[in-house]
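Peer 1: Next comes the structure file protein.cif, holding mmCIF, N, CA and C atoms.
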data_my_file
#
loop_
_atom_site.label_atom_id
_atom_site.label_comp_id
_atom_site.auth_asym_id
_atom_site.auth_seq_id
_atom_site.Cartn_x
_atom_site.Cartn_y
_atom_site.Cartn_z
N MET Z 134 1.58 3.32 6.95
CA MET Z 134 0.34 2.91 6.31
C MET Z 134 -0.05 1.55 6.87
N ILE Z 135 -1.29 1.42 7.26
CA ILE Z 135 -1.79 0.15 7.75
C ILE Z 135 -2.27 -0.65 6.55
N LEU Z 136 -1.72 -1.85 6.41
CA LEU Z 136 -2.09 -2.69 5.27
C LEU Z 136 -3.42 -3.36 5.48
N SER Z 137 -3.76 -3.65 6.73
CA SER Z 137 -5.02 -4.31 6.99
C SER Z 137 -5.45 -4.06 8.42
N LYS Z 138 -6.71 -3.76 8.63
CA LYS Z 138 -7.21 -3.50 9.97
C LYS Z 138 -7.43 -4.79 10.75
N THR Z 139 -7.87 -5.84 10.10
CA THR Z 139 -8.18 -7.08 10.79
C THR Z 139 -6.93 -7.78 11.34
N PRO Z 140 -5.94 -8.14 10.51
CA PRO Z 140 -4.77 -8.82 11.06
C PRO Z 140 -3.73 -7.87 11.66
N ASN Z 141 -3.95 -6.55 11.56
CA ASN Z 141 -3.06 -5.56 12.15
C ASN Z 141 -1.64 -5.67 11.61
N ILE Z 142 -1.50 -5.54 10.31
CA ILE Z 142 -0.20 -5.56 9.66
C ILE Z 142 0.10 -4.14 9.19
N SER Z 143 1.27 -3.62 9.54
CA SER Z 143 1.64 -2.28 9.12
C SER Z 143 2.86 -2.34 8.20
N SER Z 144 3.21 -1.20 7.63
CA SER Z 144 4.33 -1.12 6.71
C SER Z 144 5.65 -1.15 7.46
N LEU Z 145 6.61 -1.81 6.89
CA LEU Z 145 7.97 -1.85 7.41
C LEU Z 145 8.75 -0.78 6.65
N LYS Z 146 9.02 0.34 7.31
CA LYS Z 146 9.64 1.47 6.62
C LYS Z 146 11.05 1.77 7.10
N ASN Z 147 11.43 1.29 8.25
CA ASN Z 147 12.75 1.57 8.80
C ASN Z 147 13.82 0.88 7.95
N LYS Z 148 14.74 1.67 7.40
CA LYS Z 148 15.76 1.14 6.50
C LYS Z 148 16.62 0.08 7.18
N LYS Z 149 16.98 0.31 8.43
CA LYS Z 149 17.82 -0.65 9.15
C LYS Z 149 17.10 -1.98 9.35
N GLU Z 150 15.81 -1.90 9.68
CA GLU Z 150 15.02 -3.14 9.84
C GLU Z 150 14.92 -3.90 8.53
N ILE Z 151 14.71 -3.19 7.43
CA ILE Z 151 14.60 -3.84 6.12
C ILE Z 151 15.92 -4.50 5.76
N GLN Z 152 17.04 -3.80 5.97
CA GLN Z 152 18.35 -4.37 5.67
C GLN Z 152 18.62 -5.60 6.53
N ASP Z 153 18.24 -5.55 7.79
CA ASP Z 153 18.41 -6.70 8.68
C ASP Z 153 17.58 -7.89 8.20
N LEU Z 154 16.35 -7.61 7.79
CA LEU Z 154 15.47 -8.67 7.28
C LEU Z 154 16.05 -9.29 6.01
N LEU Z 155 16.55 -8.46 5.10
CA LEU Z 155 17.12 -8.97 3.85
C LEU Z 155 18.40 -9.75 4.11
N ALA Z 156 19.15 -9.37 5.12
CA ALA Z 156 20.42 -10.04 5.41
C ALA Z 156 20.23 -11.34 6.19
N SER Z 157 19.34 -11.34 7.16
CA SER Z 157 19.25 -12.51 8.04
C SER Z 157 17.92 -13.25 7.98
N GLY Z 158 16.99 -12.78 7.18
CA GLY Z 158 15.70 -13.46 7.07
C GLY Z 158 15.80 -14.72 6.23
N ARG Z 159 14.87 -15.64 6.46
CA ARG Z 159 14.81 -16.85 5.64
C ARG Z 159 14.21 -16.49 4.30
N LYS Z 160 14.74 -17.09 3.23
CA LYS Z 160 14.34 -16.73 1.88
C LYS Z 160 13.46 -17.81 1.28
N VAL Z 161 12.43 -17.36 0.57
CA VAL Z 161 11.57 -18.25 -0.21
C VAL Z 161 11.63 -17.72 -1.64
N TYR Z 162 12.17 -18.54 -2.54
CA TYR Z 162 12.34 -18.13 -3.93
C TYR Z 162 11.11 -18.49 -4.74
N THR Z 163 10.66 -17.55 -5.56
CA THR Z 163 9.53 -17.78 -6.45
C THR Z 163 9.88 -17.27 -7.85
N LYS Z 164 8.98 -17.52 -8.77
CA LYS Z 164 9.15 -17.03 -10.14
C LYS Z 164 9.18 -15.50 -10.16
N TYR Z 165 8.45 -14.86 -9.28
CA TYR Z 165 8.30 -13.41 -9.29
C TYR Z 165 9.32 -12.68 -8.42
N GLY Z 166 10.07 -13.40 -7.63
CA GLY Z 166 11.06 -12.74 -6.79
C GLY Z 166 11.31 -13.54 -5.53
N ILE Z 167 11.74 -12.86 -4.48
CA ILE Z 167 12.10 -13.51 -3.23
C ILE Z 167 11.22 -12.97 -2.11
N ILE Z 168 10.79 -13.87 -1.24
CA ILE Z 168 10.05 -13.48 -0.04
C ILE Z 168 11.00 -13.71 1.13
N PHE Z 169 11.20 -12.67 1.94
CA PHE Z 169 12.05 -12.77 3.12
C PHE Z 169 11.16 -12.84 4.35
N LEU Z 170 11.40 -13.83 5.20
CA LEU Z 170 10.58 -14.04 6.39
C LEU Z 170 11.45 -14.06 7.64
N LYS Z 171 10.96 -13.45 8.70
CA LYS Z 171 11.70 -13.46 9.95
C LYS Z 171 10.72 -13.31 11.10
N ASN Z 172 10.96 -14.05 12.16
CA ASN Z 172 10.14 -13.93 13.35
C ASN Z 172 10.97 -13.31 14.46
N ILE Z 173 10.54 -12.17 14.94
CA ILE Z 173 11.22 -11.49 16.04
C ILE Z 173 10.33 -11.65 17.27
N PRO Z 174 10.73 -12.48 18.24
CA PRO Z 174 9.84 -12.79 19.38
C PRO Z 174 9.40 -11.57 20.18
N GLU Z 175 10.28 -10.58 20.36
CA GLU Z 175 9.92 -9.43 21.18
C GLU Z 175 9.08 -8.39 20.44
N ALA Z 176 8.90 -8.55 19.14
CA ALA Z 176 8.11 -7.60 18.35
C ALA Z 176 6.63 -7.76 18.66
N VAL Z 177 5.96 -6.64 18.80
CA VAL Z 177 4.54 -6.65 19.16
C VAL Z 177 3.64 -6.81 17.95
N ASN Z 178 3.93 -6.05 16.89
CA ASN Z 178 3.03 -6.09 15.73
C ASN Z 178 3.73 -6.67 14.50
N ASN Z 179 2.93 -7.04 13.53
CA ASN Z 179 3.44 -7.59 12.27
C ASN Z 179 3.71 -6.44 11.30
N LYS Z 180 4.81 -6.58 10.55
CA LYS Z 180 5.16 -5.56 9.57
C LYS Z 180 5.55 -6.22 8.26
N ALA Z 181 5.22 -5.53 7.16
CA ALA Z 181 5.52 -6.05 5.83
C ALA Z 181 6.12 -4.94 4.97
N ALA Z 182 7.02 -5.33 4.08
CA ALA Z 182 7.62 -4.40 3.13
C ALA Z 182 7.44 -4.96 1.73
N ILE Z 183 7.22 -4.07 0.79
CA ILE Z 183 7.09 -4.46 -0.61
C ILE Z 183 8.15 -3.68 -1.38
N LEU Z 184 9.07 -4.40 -1.98
CA LEU Z 184 10.18 -3.78 -2.70
C LEU Z 184 10.08 -4.18 -4.18
N VAL Z 185 9.96 -3.19 -5.04
CA VAL Z 185 9.85 -3.46 -6.48
C VAL Z 185 10.98 -2.71 -7.17
N LYS Z 186 11.83 -3.46 -7.88
CA LYS Z 186 12.97 -2.87 -8.57
C LYS Z 186 12.51 -2.01 -9.75
N LYS Z 187 13.27 -0.99 -10.07
CA LYS Z 187 12.93 -0.11 -11.18
C LYS Z 187 12.96 -0.83 -12.52
N LYS Z 188 13.78 -1.88 -12.62
CA LYS Z 188 13.88 -2.60 -13.89
C LYS Z 188 12.60 -3.37 -14.22
N CYS Z 189 11.67 -3.46 -13.25
CA CYS Z 189 10.42 -4.19 -13.46
C CYS Z 189 9.43 -3.43 -14.33
N GLY Z 190 9.68 -2.16 -14.58
CA GLY Z 190 8.78 -1.42 -15.44
C GLY Z 190 8.67 0.03 -15.02
N ASN Z 191 7.78 0.73 -15.67
CA ASN Z 191 7.60 2.14 -15.35
C ASN Z 191 6.82 2.29 -14.03
N ALA Z 192 6.59 3.51 -13.60
CA ALA Z 192 5.96 3.77 -12.31
C ALA Z 192 4.55 3.18 -12.24
N VAL Z 193 3.84 3.21 -13.35
CA VAL Z 193 2.48 2.68 -13.36
C VAL Z 193 2.50 1.18 -13.06
N LYS Z 194 3.40 0.46 -13.70
CA LYS Z 194 3.49 -0.99 -13.49
C LYS Z 194 3.97 -1.30 -12.07
N ARG Z 195 4.96 -0.56 -11.58
CA ARG Z 195 5.47 -0.80 -10.23
C ARG Z 195 4.39 -0.53 -9.19
N ASN Z 196 3.60 0.51 -9.37
CA ASN Z 196 2.52 0.80 -8.43
C ASN Z 196 1.44 -0.27 -8.49
N TYR Z 197 1.18 -0.80 -9.67
CA TYR Z 197 0.21 -1.90 -9.81
C TYR Z 197 0.69 -3.11 -9.01
N ILE Z 198 1.97 -3.44 -9.13
CA ILE Z 198 2.53 -4.58 -8.41
C ILE Z 198 2.42 -4.36 -6.91
N LYS Z 199 2.73 -3.17 -6.44
CA LYS Z 199 2.63 -2.88 -5.01
C LYS Z 199 1.18 -3.01 -4.53
N ARG Z 200 0.25 -2.53 -5.34
CA ARG Z 200 -1.17 -2.62 -4.99
C ARG Z 200 -1.61 -4.08 -4.91
N VAL Z 201 -1.17 -4.89 -5.87
CA VAL Z 201 -1.51 -6.31 -5.89
C VAL Z 201 -0.92 -7.02 -4.66
N LEU Z 202 0.33 -6.73 -4.33
CA LEU Z 202 0.96 -7.38 -3.19
C LEU Z 202 0.35 -6.95 -1.87
N ARG Z 203 -0.06 -5.69 -1.74
CA ARG Z 203 -0.76 -5.26 -0.52
C ARG Z 203 -2.07 -6.02 -0.37
N TYR Z 204 -2.79 -6.19 -1.48
CA TYR Z 204 -4.04 -6.94 -1.44
C TYR Z 204 -3.76 -8.40 -1.06
N PHE Z 205 -2.69 -8.98 -1.60
CA PHE Z 205 -2.32 -10.35 -1.27
C PHE Z 205 -2.05 -10.48 0.23
N ILE Z 206 -1.33 -9.52 0.80
CA ILE Z 206 -1.02 -9.56 2.23
C ILE Z 206 -2.30 -9.50 3.06
N ARG Z 207 -3.22 -8.63 2.67
CA ARG Z 207 -4.50 -8.52 3.41
C ARG Z 207 -5.30 -9.80 3.33
N GLU Z 208 -5.39 -10.38 2.14
CA GLU Z 208 -6.22 -11.56 1.94
C GLU Z 208 -5.63 -12.83 2.54
N HIS Z 209 -4.31 -12.93 2.61
CA HIS Z 209 -3.67 -14.16 3.04
C HIS Z 209 -2.80 -13.94 4.28
N ALA Z 210 -3.30 -13.17 5.21
CA ALA Z 210 -2.54 -12.87 6.43
C ALA Z 210 -2.28 -14.13 7.24
N ARG Z 211 -3.14 -15.13 7.13
CA ARG Z 211 -2.95 -16.36 7.90
C ARG Z 211 -1.69 -17.11 7.46
N LEU Z 212 -1.32 -17.00 6.17
CA LEU Z 212 -0.10 -17.64 5.68
C LEU Z 212 1.15 -16.97 6.26
N LEU Z 213 1.01 -15.72 6.63
CA LEU Z 213 2.14 -14.95 7.11
C LEU Z 213 2.18 -14.87 8.63
N SER Z 214 1.27 -15.54 9.31
CA SER Z 214 1.10 -15.36 10.75
C SER Z 214 2.27 -15.89 11.58
N ASN Z 215 3.03 -16.85 11.09
CA ASN Z 215 4.15 -17.39 11.86
C ASN Z 215 5.38 -16.47 11.85
N ASN Z 216 5.38 -15.49 10.99
CA ASN Z 216 6.51 -14.57 10.88
C ASN Z 216 5.98 -13.15 11.02
N ASN Z 217 6.58 -12.36 11.92
CA ASN Z 217 6.06 -11.02 12.11
C ASN Z 217 6.80 -9.97 11.28
N ARG Z 218 7.81 -10.37 10.51
CA ARG Z 218 8.47 -9.48 9.56
C ARG Z 218 8.53 -10.19 8.22
N ILE Z 219 8.05 -9.53 7.18
CA ILE Z 219 8.04 -10.13 5.85
C ILE Z 219 8.34 -9.05 4.82
N ALA Z 220 9.11 -9.42 3.80
CA ALA Z 220 9.41 -8.49 2.71
C ALA Z 220 9.27 -9.23 1.39
N PHE Z 221 8.60 -8.61 0.46
CA PHE Z 221 8.47 -9.15 -0.89
C PHE Z 221 9.41 -8.35 -1.77
N LEU Z 222 10.41 -9.02 -2.34
CA LEU Z 222 11.31 -8.39 -3.30
C LEU Z 222 10.86 -8.87 -4.68
N TYR Z 223 10.20 -7.99 -5.41
CA TYR Z 223 9.62 -8.34 -6.70
C TYR Z 223 10.65 -8.05 -7.80
N LEU Z 224 10.97 -9.08 -8.60
CA LEU Z 224 12.01 -8.95 -9.62
C LEU Z 224 11.54 -9.26 -11.04
N TYR Z 225 10.32 -9.73 -11.20
CA TYR Z 225 9.83 -10.20 -12.50
C TYR Z 225 9.59 -9.02 -13.43
N THR Z 226 10.06 -9.12 -14.67
CA THR Z 226 9.92 -8.00 -15.60
C THR Z 226 8.78 -8.19 -16.60
N GLY Z 227 8.20 -9.37 -16.66
CA GLY Z 227 7.11 -9.62 -17.61
C GLY Z 227 5.77 -9.16 -17.08
N LYS Z 228 4.74 -9.45 -17.85
CA LYS Z 228 3.38 -9.09 -17.45
C LYS Z 228 2.92 -10.02 -16.34
N ALA Z 229 2.31 -9.46 -15.32
CA ALA Z 229 1.88 -10.25 -14.17
C ALA Z 229 0.42 -9.94 -13.86
N GLU Z 230 -0.33 -10.99 -13.56
CA GLU Z 230 -1.73 -10.85 -13.17
C GLU Z 230 -1.88 -11.34 -11.74
N TYR Z 231 -2.86 -10.78 -11.05
CA TYR Z 231 -3.03 -11.10 -9.64
C TYR Z 231 -3.19 -12.59 -9.39
N LYS Z 232 -4.01 -13.25 -10.16
CA LYS Z 232 -4.27 -14.68 -9.92
C LYS Z 232 -3.00 -15.52 -10.03
N LYS Z 233 -2.15 -15.21 -11.00
CA LYS Z 233 -0.89 -15.96 -11.14
C LYS Z 233 0.04 -15.68 -9.97
N ILE Z 234 0.16 -14.40 -9.60
CA ILE Z 234 1.01 -14.04 -8.47
C ILE Z 234 0.51 -14.71 -7.20
N GLU Z 235 -0.80 -14.66 -6.99
CA GLU Z 235 -1.41 -15.26 -5.80
C GLU Z 235 -1.12 -16.76 -5.74
N THR Z 236 -1.32 -17.46 -6.82
CA THR Z 236 -1.11 -18.91 -6.85
C THR Z 236 0.35 -19.26 -6.54
N ILE Z 237 1.27 -18.58 -7.18
CA ILE Z 237 2.69 -18.90 -6.99
C ILE Z 237 3.12 -18.57 -5.56
N TYR Z 238 2.70 -17.42 -5.03
CA TYR Z 238 3.09 -17.07 -3.66
C TYR Z 238 2.46 -18.00 -2.63
N ILE Z 239 1.22 -18.39 -2.82
CA ILE Z 239 0.57 -19.31 -1.87
C ILE Z 239 1.29 -20.65 -1.88
N ASN Z 240 1.59 -21.18 -3.07
CA ASN Z 240 2.29 -22.46 -3.15
C ASN Z 240 3.67 -22.38 -2.51
N ALA Z 241 4.39 -21.29 -2.76
CA ALA Z 241 5.73 -21.14 -2.19
C ALA Z 241 5.67 -21.04 -0.67
N LEU Z 242 4.73 -20.28 -0.14
CA LEU Z 242 4.61 -20.14 1.32
C LEU Z 242 4.16 -21.43 1.97
N ASN Z 243 3.28 -22.17 1.31
CA ASN Z 243 2.85 -23.47 1.85
C ASN Z 243 4.01 -24.46 1.86
N ARG Z 244 4.80 -24.50 0.79
CA ARG Z 244 5.99 -25.36 0.76
C ARG Z 244 6.96 -24.98 1.86
N TYR Z 245 7.15 -23.68 2.06
CA TYR Z 245 8.05 -23.20 3.10
C TYR Z 245 7.57 -23.64 4.49
N GLU Z 246 6.27 -23.51 4.74
CA GLU Z 246 5.72 -23.91 6.04
C GLU Z 246 5.88 -25.41 6.25
N GLU Z 247 5.65 -26.20 5.21
CA GLU Z 247 5.82 -27.66 5.32
C GLU Z 247 7.27 -28.00 5.63
N ASN Z 248 8.20 -27.35 4.94
CA ASN Z 248 9.63 -27.63 5.16
C ASN Z 248 10.07 -27.19 6.55
N SER Z 249 9.56 -26.06 7.02
CA SER Z 249 9.99 -25.58 8.34
C SER Z 249 9.39 -26.41 9.46
N THR Z 250 8.19 -26.96 9.28
CA THR Z 250 7.62 -27.83 10.31
C THR Z 250 8.27 -29.20 10.31
N ASN Z 251 8.70 -29.67 9.13
CA ASN Z 251 9.37 -30.98 9.05
C ASN Z 251 10.78 -30.92 9.62
N SER Z 252 11.42 -29.77 9.56
CA SER Z 252 12.79 -29.67 10.05
C SER Z 252 12.87 -29.52 11.56
N HIS Z 253 11.76 -29.19 12.22
CA HIS Z 253 11.79 -29.03 13.69
C HIS Z 253 11.41 -30.27 14.39
#
Here is the file; what I need is its structure written in the form of structure tokens.
Peer 2:
Amino acid sequence: MILSKTPNISSLKNKKEIQDLLASGRKVYTKYGIIFLKNIPEAVNNKAAILVKKKCGNAVKRNYIKRVLRYFIREHARLLSNNNRIAFLYLYTGKAEYKKIETIYINALNRYEENSTNSH
């Protein structure tokens, strides 16, 4: 599934790639879960995975979260441009609204970018 036509981000579906990203990717912790980021220089296209645990709610709620996160990826592709592999592990069990998720993820990714540029 193509998440966005403009920034050309597709779904990360290969189980081995997802496991590699979760094991060796850099982690950004948020209230809603963990964002895993990794840059693979030889990779041609950007890929994203959205992982929502079953404990987060019933199928309706989990699908809502996936829909919200896909929209977030499309709208904020520039924040994700330095990493061509990204996975959102959503762990929050309470009620979540798009605006709150968006604000927390943007702040976390901006802090991560600031820290990674300061360390180099």
Peer 1: Selected by the PyMOL selection byres ((chain Z and resi 188) around 8) in the shown coordinates: which residues, as a list in words?
Peer 2: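 Expected selection for the PyMOL selection byres ((chain Z and resi 188) around 8) here is Val185, Lys186, Lys187, Cys189, Gly190, Asn191, Leu224, Tyr225, Thr226 and Gly227 of chain Z.
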Peer 1: For Val161 (chain Z), find every residue with an atom within 8 Å (counting all atoms listed in the file), except residues of its own chain fewer than 6 positions away, and show them as a PyMOL selection string.
Peer 2: chain Z and resi 167-170+241-242+245
Peer 1: Quick one: write out the picked residues with N, CA and C atoms as a PDB file, in the frame of the given file?
Peer 2:
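Saved the output as part_1.pdb:
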ATOM      1  N   ILE Z 167      11.740 -12.860  -4.480  1.00  0.00           N
ATOM      2  CA  ILE Z 167      12.100 -13.510  -3.230  1.00  0.00           C
ATOM      3  C   ILE Z 167      11.220 -12.970  -2.110  1.00  0.00           C
ATOM      4  N   ILE Z 168      10.790 -13.870  -1.240  1.00  0.00           N
ATOM      5  CA  ILE Z 168      10.050 -13.480  -0.040  1.00  0.00           C
ATOM      6  C   ILE Z 168      11.000 -13.710   1.130  1.00  0.00           C
ATOM      7  N   PHE Z 169      11.200 -12.670   1.940  1.00  0.00           N
ATOM      8  CA  PHE Z 169      12.050 -12.770   3.120  1.00  0.00           C
ATOM      9  C   PHE Z 169      11.160 -12.840   4.350  1.00  0.00           C
ATOM     10  N   LEU Z 170      11.400 -13.830   5.200  1.00  0.00           N
ATOM     11  CA  LEU Z 170      10.580 -14.040   6.390  1.00  0.00           C
ATOM     12  C   LEU Z 170      11.450 -14.060   7.640  1.00  0.00           C
ATOM     13  N   ALA Z 241       4.390 -21.290  -2.760  1.00  0.00           N
ATOM     14  CA  ALA Z 241       5.730 -21.140  -2.190  1.00  0.00           C
ATOM     15  C   ALA Z 241       5.670 -21.040  -0.670  1.00  0.00           C
ATOM     16  N   LEU Z 242       4.730 -20.280  -0.140  1.00  0.00           N
ATOM     17  CA  LEU Z 242       4.610 -20.140   1.320  1.00  0.00           C
ATOM     18  C   LEU Z 242       4.160 -21.430   1.970  1.00  0.00           C
ATOM     19  N   TYR Z 245       7.150 -23.680   2.060  1.00  0.00           N
ATOM     20  CA  TYR Z 245       8.050 -23.200   3.100  1.00  0.00           C
ATOM     21  C   TYR Z 245       7.570 -23.640   4.490  1.00  0.00           C
TER      22      TYR Z 245
END
Peer 1: Using only C-alpha atoms, tabulate the residues of region 158-231 of chain Z lying at most 10 Å from any atom of region 246-251 of chain Z, each with its closest atom pair and that distance in Å to one decimal, by chain and increasing residue number, as a tab-separated table.
Peer 2:
residue	atom	partner	partner_atom	distance
Z:Leu212	CA	Z:Glu246	CA	8.6
Z:Leu213	CA	Z:Glu246	CA	9.7
Z:Asn215	CA	Z:Glu246	CA	8.9
Peer 1: For Leu145 (chain Z), which residue among Z:Arg200, Z:Arg218, Z:Lys160, Z:His209 is the nearest when counting all atoms listed in the file?
Peer 2: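 The shortest atom-to-atom distance to Leu145 (chain Z) comes from Z:Arg218.
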Peer 1: Taking all listed atoms of region 149-157 of chain Z, build the axis-aligned box, pad each of the six sides by 5 Å, then write its centre and edge lengths in Å to one decimal as JSON.
Peer 2:
{"center_x": 17.5, "center_y": -6.5, "center_z": 6.8, "size_x": 15.8, "size_y": 23.6, "size_z": 16.0}
Peer 1: Mind listing the strand (DSSP E) residues of chain Z, per DSSP on the backbone, as a PyMOL selection string?
Peer 2: chain Z and resi 135-137+142-144+159-163+166-171+179-185+218-223
Peer 1: I'd like the interatomic distance between CA of Leu202 (chain Z) and atom N of Lys149 (chain Z), to a tenth of an Å.
Peer 2: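 It comes out at 21.2 Å.
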Peer 1: How far is it from atom C of Asn179 (chain Z) to atom C of Lys164 (chain Z), in Å with one decimal?
Peer 2: 23.9 Å
Peer 1: Determine the residue membership of the PyMOL selection byres ((chain Z and resi 184) around 5) for the file above and supply it as a PyMOL selection string.
Peer 2: chain Z and resi 182-183+185-186+221-223
Peer 1: Please write the residues from the selection above to a file, keeping N, CA and C atoms, as a compact mmCIF listing (two decimals), in the frame of the given file.
Peer 2:
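Listing of selection-v4.txt after writing:
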# COMPACT_ATOMS: atom_id res chain seq x y z
N ALA Z 182 7.02 -5.33 4.08
CA ALA Z 182 7.62 -4.40 3.13
C ALA Z 182 7.44 -4.96 1.73
N ILE Z 183 7.22 -4.07 0.79
CA ILE Z 183 7.09 -4.46 -0.61
C ILE Z 183 8.15 -3.68 -1.38
N VAL Z 185 9.96 -3.19 -5.04
CA VAL Z 185 9.85 -3.46 -6.48
C VAL Z 185 10.98 -2.71 -7.17
N LYS Z 186 11.83 -3.46 -7.88
CA LYS Z 186 12.97 -2.87 -8.57
C LYS Z 186 12.51 -2.01 -9.75
N PHE Z 221 8.60 -8.61 0.46
CA PHE Z 221 8.47 -9.15 -0.89
C PHE Z 221 9.41 -8.35 -1.77
N LEU Z 222 10.41 -9.02 -2.34
CA LEU Z 222 11.31 -8.39 -3.30
C LEU Z 222 10.86 -8.87 -4.68
N TYR Z 223 10.20 -7.99 -5.41
CA TYR Z 223 9.62 -8.34 -6.70
C TYR Z 223 10.65 -8.05 -7.80
Peer 1: Would you mind reading off the distance between atom N of Lys180 (chain Z) and atom N of Asn240 (chain Z), one decimal, in Å?
Peer 2: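 Straight-line distance from atom N of Lys180 (chain Z) to atom N of Asn240 (chain Z) works out to 20.2 Å.
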Peer 1: Kindly indicate which residue among Z:Ile234, Z:Ala192, Z:Ile198, Z:Val177 lies nearest to Asn217 (chain Z), using all atoms listed in the file for the distances.
Peer 2: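 Using all atoms listed in the file, Asn217 (chain Z) sits closest to Z:Val177.
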Peer 1: What lies within 8 Å of Leu154 (chain Z) using only C-alpha atoms, ignoring chain neighbours under 2 positions off, as a PyMOL selection string?
Peer 2: chain Z and resi 150-152+156-158+169-171+218-220
Peer 1: Please dump the current selection as a PDB file, keeping the file's coordinate frame; keep N, CA and C atoms.
Peer 2:
ATOM      1  N   GLU Z 150      15.810  -1.900   9.680  1.00  0.00           N
ATOM      2  CA  GLU Z 150      15.020  -3.140   9.840  1.00  0.00           C
ATOM      3  C   GLU Z 150      14.920  -3.900   8.530  1.00  0.00           C
ATOM      4  N   ILE Z 151      14.710  -3.190   7.430  1.00  0.00           N
ATOM      5  CA  ILE Z 151      14.600  -3.840   6.120  1.00  0.00           C
ATOM      6  C   ILE Z 151      15.920  -4.500   5.760  1.00  0.00           C
ATOM      7  N   GLN Z 152      17.040  -3.800   5.970  1.00  0.00           N
ATOM      8  CA  GLN Z 152      18.350  -4.370   5.670  1.00  0.00           C
ATOM      9  C   GLN Z 152      18.620  -5.600   6.530  1.00  0.00           C
ATOM     10  N   ALA Z 156      19.150  -9.370   5.120  1.00  0.00           N
ATOM     11  CA  ALA Z 156      20.420 -10.040   5.410  1.00  0.00           C
ATOM     12  C   ALA Z 156      20.230 -11.340   6.190  1.00  0.00           C
ATOM     13  N   SER Z 157      19.340 -11.340   7.160  1.00  0.00           N
ATOM     14  CA  SER Z 157      19.250 -12.510   8.040  1.00  0.00           C
ATOM     15  C   SER Z 157      17.920 -13.250   7.980  1.00  0.00           C
ATOM     16  N   GLY Z 158      16.990 -12.780   7.180  1.00  0.00           N
ATOM     17  CA  GLY Z 158      15.700 -13.460   7.070  1.00  0.00           C
ATOM     18  C   GLY Z 158      15.800 -14.720   6.230  1.00  0.00           C
ATOM     19  N   PHE Z 169      11.200 -12.670   1.940  1.00  0.00           N
ATOM     20  CA  PHE Z 169      12.050 -12.770   3.120  1.00  0.00           C
ATOM     21  C   PHE Z 169      11.160 -12.840   4.350  1.00  0.00           C
ATOM     22  N   LEU Z 170      11.400 -13.830   5.200  1.00  0.00           N
ATOM     23  CA  LEU Z 170      10.580 -14.040   6.390  1.00  0.00           C
ATOM     24  C   LEU Z 170      11.450 -14.060   7.640  1.00  0.00           C
ATOM     25  N   LYS Z 171      10.960 -13.450   8.700  1.00  0.00           N
ATOM     26  CA  LYS Z 171      11.700 -13.460   9.950  1.00  0.00           C
ATOM     27  C   LYS Z 171      10.720 -13.310  11.100  1.00  0.00           C
ATOM     28  N   ARG Z 218       7.810 -10.370  10.510  1.00  0.00           N
ATOM     29  CA  ARG Z 218       8.470  -9.480   9.560  1.00  0.00           C
ATOM     30  C   ARG Z 218       8.530 -10.190   8.220  1.00  0.00           C
ATOM     31  N   ILE Z 219       8.050  -9.530   7.180  1.00  0.00           N
ATOM     32  CA  ILE Z 219       8.040 -10.130   5.850  1.00  0.00           C
ATOM     33  C   ILE Z 219       8.340  -9.050   4.820  1.00  0.00           C
ATOM     34  N   ALA Z 220       9.110  -9.420   3.800  1.00  0.00           N
ATOM     35  CA  ALA Z 220       9.410  -8.490   2.710  1.00  0.00           C
ATOM     36  C   ALA Z 220       9.270  -9.230   1.390  1.00  0.00           C
TER      37      ALA Z 220
END
Peer 1: List every residue of region 141-251 of chain Z that DSSP, applied to the backbone of this structure, places in alpha helix (DSSP H), and write the result as a VMD selection string.
Peer 2: chain Z and resid 148 to 157 192 to 208 231 to 251
